[in-house]
>>> print(open('my_file.cif').read())   # mmCIF, C-alpha atoms
data_input
#
loop_
_atom_site.label_atom_id
_atom_site.label_comp_id
_atom_site.auth_asym_id
_atom_site.auth_seq_id
_atom_site.Cartn_x
_atom_site.Cartn_y
_atom_site.Cartn_z
CA ALA R 225 126.01 -36.10 -34.92
CA GLU R 226 123.51 -33.31 -35.33
CA PRO R 227 121.01 -33.52 -38.19
CA SER R 228 122.08 -30.07 -39.36
CA ALA R 229 125.77 -31.03 -39.42
CA LYS R 230 127.30 -31.03 -42.87
CA SER R 231 128.77 -34.15 -44.36
CA GLY R 232 132.52 -34.41 -44.88
CA ALA R 233 132.08 -34.02 -48.63
CA ASP R 234 130.01 -30.84 -48.17
CA GLN R 235 132.63 -29.40 -45.81
CA ALA R 236 135.43 -30.28 -48.20
CA ALA R 237 133.54 -28.65 -51.08
CA GLU R 238 132.95 -25.53 -48.95
CA GLU R 239 136.63 -25.33 -48.00
CA GLU R 240 137.62 -25.78 -51.65
CA GLU R 241 135.24 -22.99 -52.69
CA GLU R 242 136.65 -20.67 -50.01
CA ALA R 243 140.20 -21.43 -51.13
CA ARG R 244 139.21 -20.71 -54.74
CA GLU R 245 137.61 -17.37 -53.77
CA ILE R 246 140.70 -16.35 -51.82
CA GLU R 247 142.98 -17.28 -54.71
CA GLU R 248 140.80 -15.35 -57.19
CA ALA R 249 140.91 -12.23 -55.02
CA LYS R 250 144.68 -12.54 -54.61
CA ALA R 251 145.12 -13.00 -58.38
CA GLU R 252 143.04 -9.88 -59.06
CA LEU R 253 145.14 -7.97 -56.52
CA ARG R 254 148.35 -9.13 -58.23
CA LYS R 255 146.90 -8.08 -61.60
CA LEU R 256 146.12 -4.59 -60.29
CA ALA R 257 149.62 -4.27 -58.83
CA ALA R 258 151.17 -5.35 -62.16
CA ALA R 259 149.05 -2.81 -64.05
CA GLN R 260 150.15 -0.08 -61.66
CA GLU R 261 153.81 -1.04 -62.11
CA ALA R 262 153.40 -0.99 -65.90
CA GLU R 263 151.84 2.49 -65.75
CA GLU R 264 154.66 3.73 -63.52
CA ARG R 265 157.27 2.29 -65.91
CA ALA R 266 155.54 3.93 -68.86
CA ALA R 267 155.46 7.27 -67.05
CA SER R 268 159.14 6.90 -66.18
CA LEU R 269 160.00 6.12 -69.80
CA ALA R 270 157.97 9.11 -70.98
CA ALA R 271 159.81 11.35 -68.53
CA SER R 272 163.20 10.10 -69.70
CA ALA R 273 162.08 10.51 -73.31
CA GLY R 274 161.28 14.12 -72.47
CA GLY R 275 165.01 14.69 -71.92
CA GLU R 276 165.82 13.24 -75.32
CA ALA R 277 163.21 15.46 -76.86
CA ALA R 278 164.98 18.52 -75.48
CA VAL R 279 166.83 18.77 -78.73
CA ARG R 280 163.51 18.93 -80.57
CA ARG R 281 162.03 21.40 -78.08
CA ASP R 282 163.62 24.28 -79.79
CA ALA R 283 161.41 23.55 -82.76
CA GLN R 284 158.24 23.84 -80.62
CA THR R 285 156.67 27.16 -79.91
CA HIS R 286 155.72 28.23 -76.44
CA ALA R 287 152.02 27.84 -77.33
CA GLN R 288 152.58 24.25 -78.52
CA LYS R 289 154.23 23.32 -75.23
CA TYR R 290 151.35 24.71 -73.20
CA GLY R 291 148.83 23.16 -75.57
CA LYS R 292 150.04 19.71 -74.55
CA TRP R 293 149.66 20.61 -70.91
CA GLU R 294 146.17 21.96 -71.49
CA ARG R 295 145.12 18.65 -73.08
CA TYR R 296 146.57 16.62 -70.18
CA ASP R 297 143.67 15.32 -68.04
CA VAL R 298 145.03 15.67 -64.50
CA ASP R 299 141.63 15.04 -62.93
CA GLY R 300 141.21 11.89 -65.01
CA VAL R 301 144.63 10.58 -63.96
CA VAL R 302 143.94 11.32 -60.29
CA LYS R 303 140.51 9.69 -60.53
CA SER R 304 142.05 6.63 -62.18
CA MET R 305 144.67 6.35 -59.43
CA GLU R 306 142.04 6.70 -56.71
CA GLU R 307 139.85 4.04 -58.35
CA ARG R 308 142.79 1.64 -58.62
CA GLU R 309 143.76 2.24 -54.99
CA GLY R 310 140.14 1.75 -53.96
CA ASP R 311 139.99 -1.53 -55.89
CA GLN R 312 143.21 -2.70 -54.26
CA GLU R 313 141.94 -1.81 -50.80
CA ARG R 314 138.60 -3.53 -51.48
CA LEU R 315 140.42 -6.68 -52.61
CA ARG R 316 142.77 -6.63 -49.61
CA LYS R 317 139.76 -6.41 -47.30
CA GLU R 318 137.98 -9.20 -49.16
CA VAL R 319 141.04 -11.49 -48.93
CA LEU R 320 141.35 -10.70 -45.23
CA ARG R 321 137.63 -11.34 -44.65
CA LEU R 322 137.76 -14.66 -46.49
CA GLU R 323 140.90 -15.79 -44.69
CA ASN R 324 139.42 -14.82 -41.31
CA GLN R 325 136.19 -16.61 -42.14
CA ARG R 326 138.16 -19.71 -43.08
CA ALA R 327 140.21 -19.57 -39.87
CA ARG R 328 137.08 -19.18 -37.71
CA ALA R 329 135.48 -22.17 -39.45
CA ARG R 330 138.57 -24.26 -38.71
CA GLU R 331 138.50 -23.13 -35.07
CA ARG R 332 134.81 -24.02 -34.76
CA LYS R 333 135.46 -27.40 -36.31
CA ALA R 334 138.37 -28.09 -33.94
CA ALA R 335 136.30 -26.96 -30.94
CA ALA R 336 133.42 -29.22 -31.97
CA ALA R 337 135.78 -32.17 -32.35
CA ALA R 338 137.36 -31.46 -28.94
CA SER R 339 133.93 -31.17 -27.34
CA ALA R 340 132.79 -34.45 -28.88
CA ALA R 341 135.94 -36.23 -27.72
CA SER R 342 135.55 -34.72 -24.25
CA ASP R 343 131.90 -35.77 -24.07
CA ALA R 344 132.81 -39.34 -25.04
CA LEU R 345 135.55 -39.50 -22.40
CA LYS R 346 133.21 -38.01 -19.81
CA ALA R 347 130.60 -40.68 -20.59
CA GLN R 348 133.26 -43.38 -20.22
CA GLY R 349 134.39 -41.79 -16.95
CA ASN R 350 130.82 -41.71 -15.68
CA ASP R 351 130.44 -45.37 -16.59
CA ALA R 352 133.70 -46.27 -14.80
CA PHE R 353 132.61 -44.26 -11.75
CA GLY R 354 129.26 -46.06 -11.74
CA LYS R 355 131.13 -49.38 -11.68
CA ALA R 356 133.35 -48.18 -8.79
CA ARG R 357 136.48 -48.06 -10.98
CA TYR R 358 137.55 -44.71 -9.55
CA GLU R 359 141.15 -44.66 -10.75
CA GLU R 360 139.98 -45.32 -14.30
CA ALA R 361 137.33 -42.60 -13.92
CA VAL R 362 139.99 -40.10 -12.74
CA GLY R 363 142.11 -40.93 -15.80
CA LEU R 364 139.19 -40.55 -18.19
CA TYR R 365 138.09 -37.23 -16.65
CA THR R 366 141.71 -36.01 -16.87
CA ASP R 367 141.84 -36.98 -20.55
CA ALA R 368 138.52 -35.20 -21.13
CA LEU R 369 139.92 -32.07 -19.45
CA GLY R 370 142.78 -32.20 -21.95
CA HIS R 371 140.19 -31.58 -24.67
CA THR R 372 138.01 -29.05 -22.83
CA PRO R 373 139.97 -27.50 -19.93
CA ARG R 374 137.18 -25.00 -19.16
CA ALA R 375 134.59 -27.68 -18.31
CA ALA R 376 133.71 -27.22 -14.64
CA VAL R 377 131.65 -30.43 -14.52
CA LEU R 378 134.72 -32.48 -15.43
CA TYR R 379 136.67 -31.00 -12.53
CA ALA R 380 133.75 -31.72 -10.19
CA ASN R 381 133.39 -35.28 -11.46
CA ARG R 382 137.12 -35.93 -11.08
CA ALA R 383 136.99 -34.41 -7.58
CA LEU R 384 134.27 -36.86 -6.58
CA ALA R 385 136.28 -39.80 -7.94
CA LEU R 386 139.35 -38.51 -6.04
CA LEU R 387 137.25 -38.29 -2.86
CA LYS R 388 136.30 -41.94 -3.32
CA LEU R 389 140.01 -42.74 -3.59
CA GLY R 390 140.78 -40.74 -0.43
CA ALA R 391 142.86 -38.10 -2.26
CA TYR R 392 141.35 -35.18 -0.36
CA PRO R 393 143.83 -32.39 -1.21
CA GLU R 394 143.60 -33.20 -4.94
CA ALA R 395 139.81 -33.34 -4.70
CA GLU R 396 139.79 -29.92 -3.04
CA GLU R 397 142.01 -28.52 -5.83
CA ASP R 398 139.60 -29.84 -8.46
CA CYS R 399 136.61 -28.34 -6.59
CA ASP R 400 138.41 -24.99 -6.47
CA ALA R 401 139.17 -25.26 -10.21
CA ALA R 402 135.52 -26.10 -10.95
CA LEU R 403 134.35 -23.10 -8.95
CA ALA R 404 136.89 -20.85 -10.67
CA VAL R 405 135.38 -21.85 -14.01
CA ASP R 406 131.74 -21.81 -12.85
CA GLY R 407 131.05 -20.27 -9.46
CA THR R 408 127.46 -21.53 -9.46
CA LEU R 409 128.30 -25.23 -9.79
CA VAL R 410 126.68 -26.64 -6.64
CA LYS R 411 128.24 -30.04 -7.17
CA ALA R 412 131.71 -28.53 -6.51
CA LEU R 413 130.53 -26.90 -3.28
CA LEU R 414 129.47 -30.20 -1.76
#
>>> encode(input="my_file.cif", output="structure tokens")
Amino acid sequence: AEPSAKSGADQAAEEEEEAREIEEAKAELRKLAAAQEAEERAASLAASAGGEAAVRRDAQTHAQKYGKWERYDVDGVVKSMEEREGDQERLRKEVLRLENQRARARERKAAAAASAASDALKAQGNDAFGKARYEEAVGLYTDALGHTPRAAVLYANRALALLKLGAYPEAEEDCDAALAVDGTLVKALL
């Protein structure tokens, strides 16, 4: 393990913190949506109450009706709506950023685990090859390729073990695969 690698407890605490941040942002987003719904319901009720007030409208003068409109702060309402929409968009982006960050961390963790497993199998394959156990080496290199299929060295190593077993067409296929992954791998050219 690397000295800079985090302990399991540190990683678990980090993942828990990320989950908490995501949940907080989602809760705030739900709260904003609920507030918007409440405002829309209130506006709808006020509009329907306006119909009921039609009977009382006759008692209002023309100046009184326009006085209410003059006091209505359209710019304030528009600004409030824009701020709320901006807050919602900011929270959506934050949730997306946090979820993407969490997914990338999981991918990095999985890739590191696959690489470690592949390296261990490669070392075992190298050991088996060194002891002239070529069939075992081929199996170990194949298992390692299951973890890291883009590792040209593993194809080259398996090709050499296949050559030792006399499986020339399979060895050639592995050399071609190694060169397809890394065209500069001299070991696959030999």
>>> closest_residue(input="my_file.cif", among="R:Ala257, R:Ala266, R:Val377, R:Ala335", to="Lys411 (chain R)", atoms="all atoms listed in the file")
R:Val377
>>> resolve_selection(input="my_file.cif", expression="the PyMOL selection byres ((chain R and resi 393-401) around 9)", output="PyMOL selection string")
chain R and resi 376+378-387+390-392+402-406+411-414
>>> closest_residue(input="my_file.cif", among="R:Leu322, R:Lys292, R:Arg374, R:Arg316", to="Arg244 (chain R)", atoms="all atoms listed in the file")
R:Leu322
>>> atom_distance(input="my_file.cif", atom1="CA of Arg328 (chain R)", atom2="CA of Asp367 (chain R)")
25.2 Å
>>> atom_distance(input="my_file.cif", atom1="CA of Tyr365 (chain R)", atom2="CA of Val410 (chain R)")
18.5 Å
>>> residues_around(input="my_file.cif", residues="Ala340 (chain R)", least_positions_apart="4", cutoff="12 Å", atoms="all atoms listed in the file", output="list in words")
Ala225, Glu226, Lys333, Ala334, Ala335, Ala336, Ala344, Leu345, Lys346, Ala347, Ala368, His371 and Thr372 of chain R
>>> atom_distance(input="my_file.cif", atom1="CA of Glu313 (chain R)", atom2="CA of Ala329 (chain R)")
24.2 Å
>>> closest_residue(input="my_file.cif", among="R:Gly407, R:Leu369, R:Leu364, R:Glu247", to="Leu320 (chain R)", atoms="all atoms listed in the file")
R:Glu247
>>> residues_around(input="my_file.cif", residues="Arg326 (chain R)", least_positions_apart="3", cutoff="9 Å", atoms="only C-alpha atoms", output="ChimeraX atom specification")
/R:239,242-243,321-323,329-331
>>> closest_residue(input="my_file.cif", among="R:Leu389, R:Glu245, R:Val302, R:Lys317", to="Glu359 (chain R)", atoms="all atoms listed in the file")
R:Leu389
>>> closest_residue(input="my_file.cif", among="R:Gly363, R:Ala375, R:Glu238, R:Arg308", to="Ser339 (chain R)", atoms="all atoms listed in the file")
R:Ala375
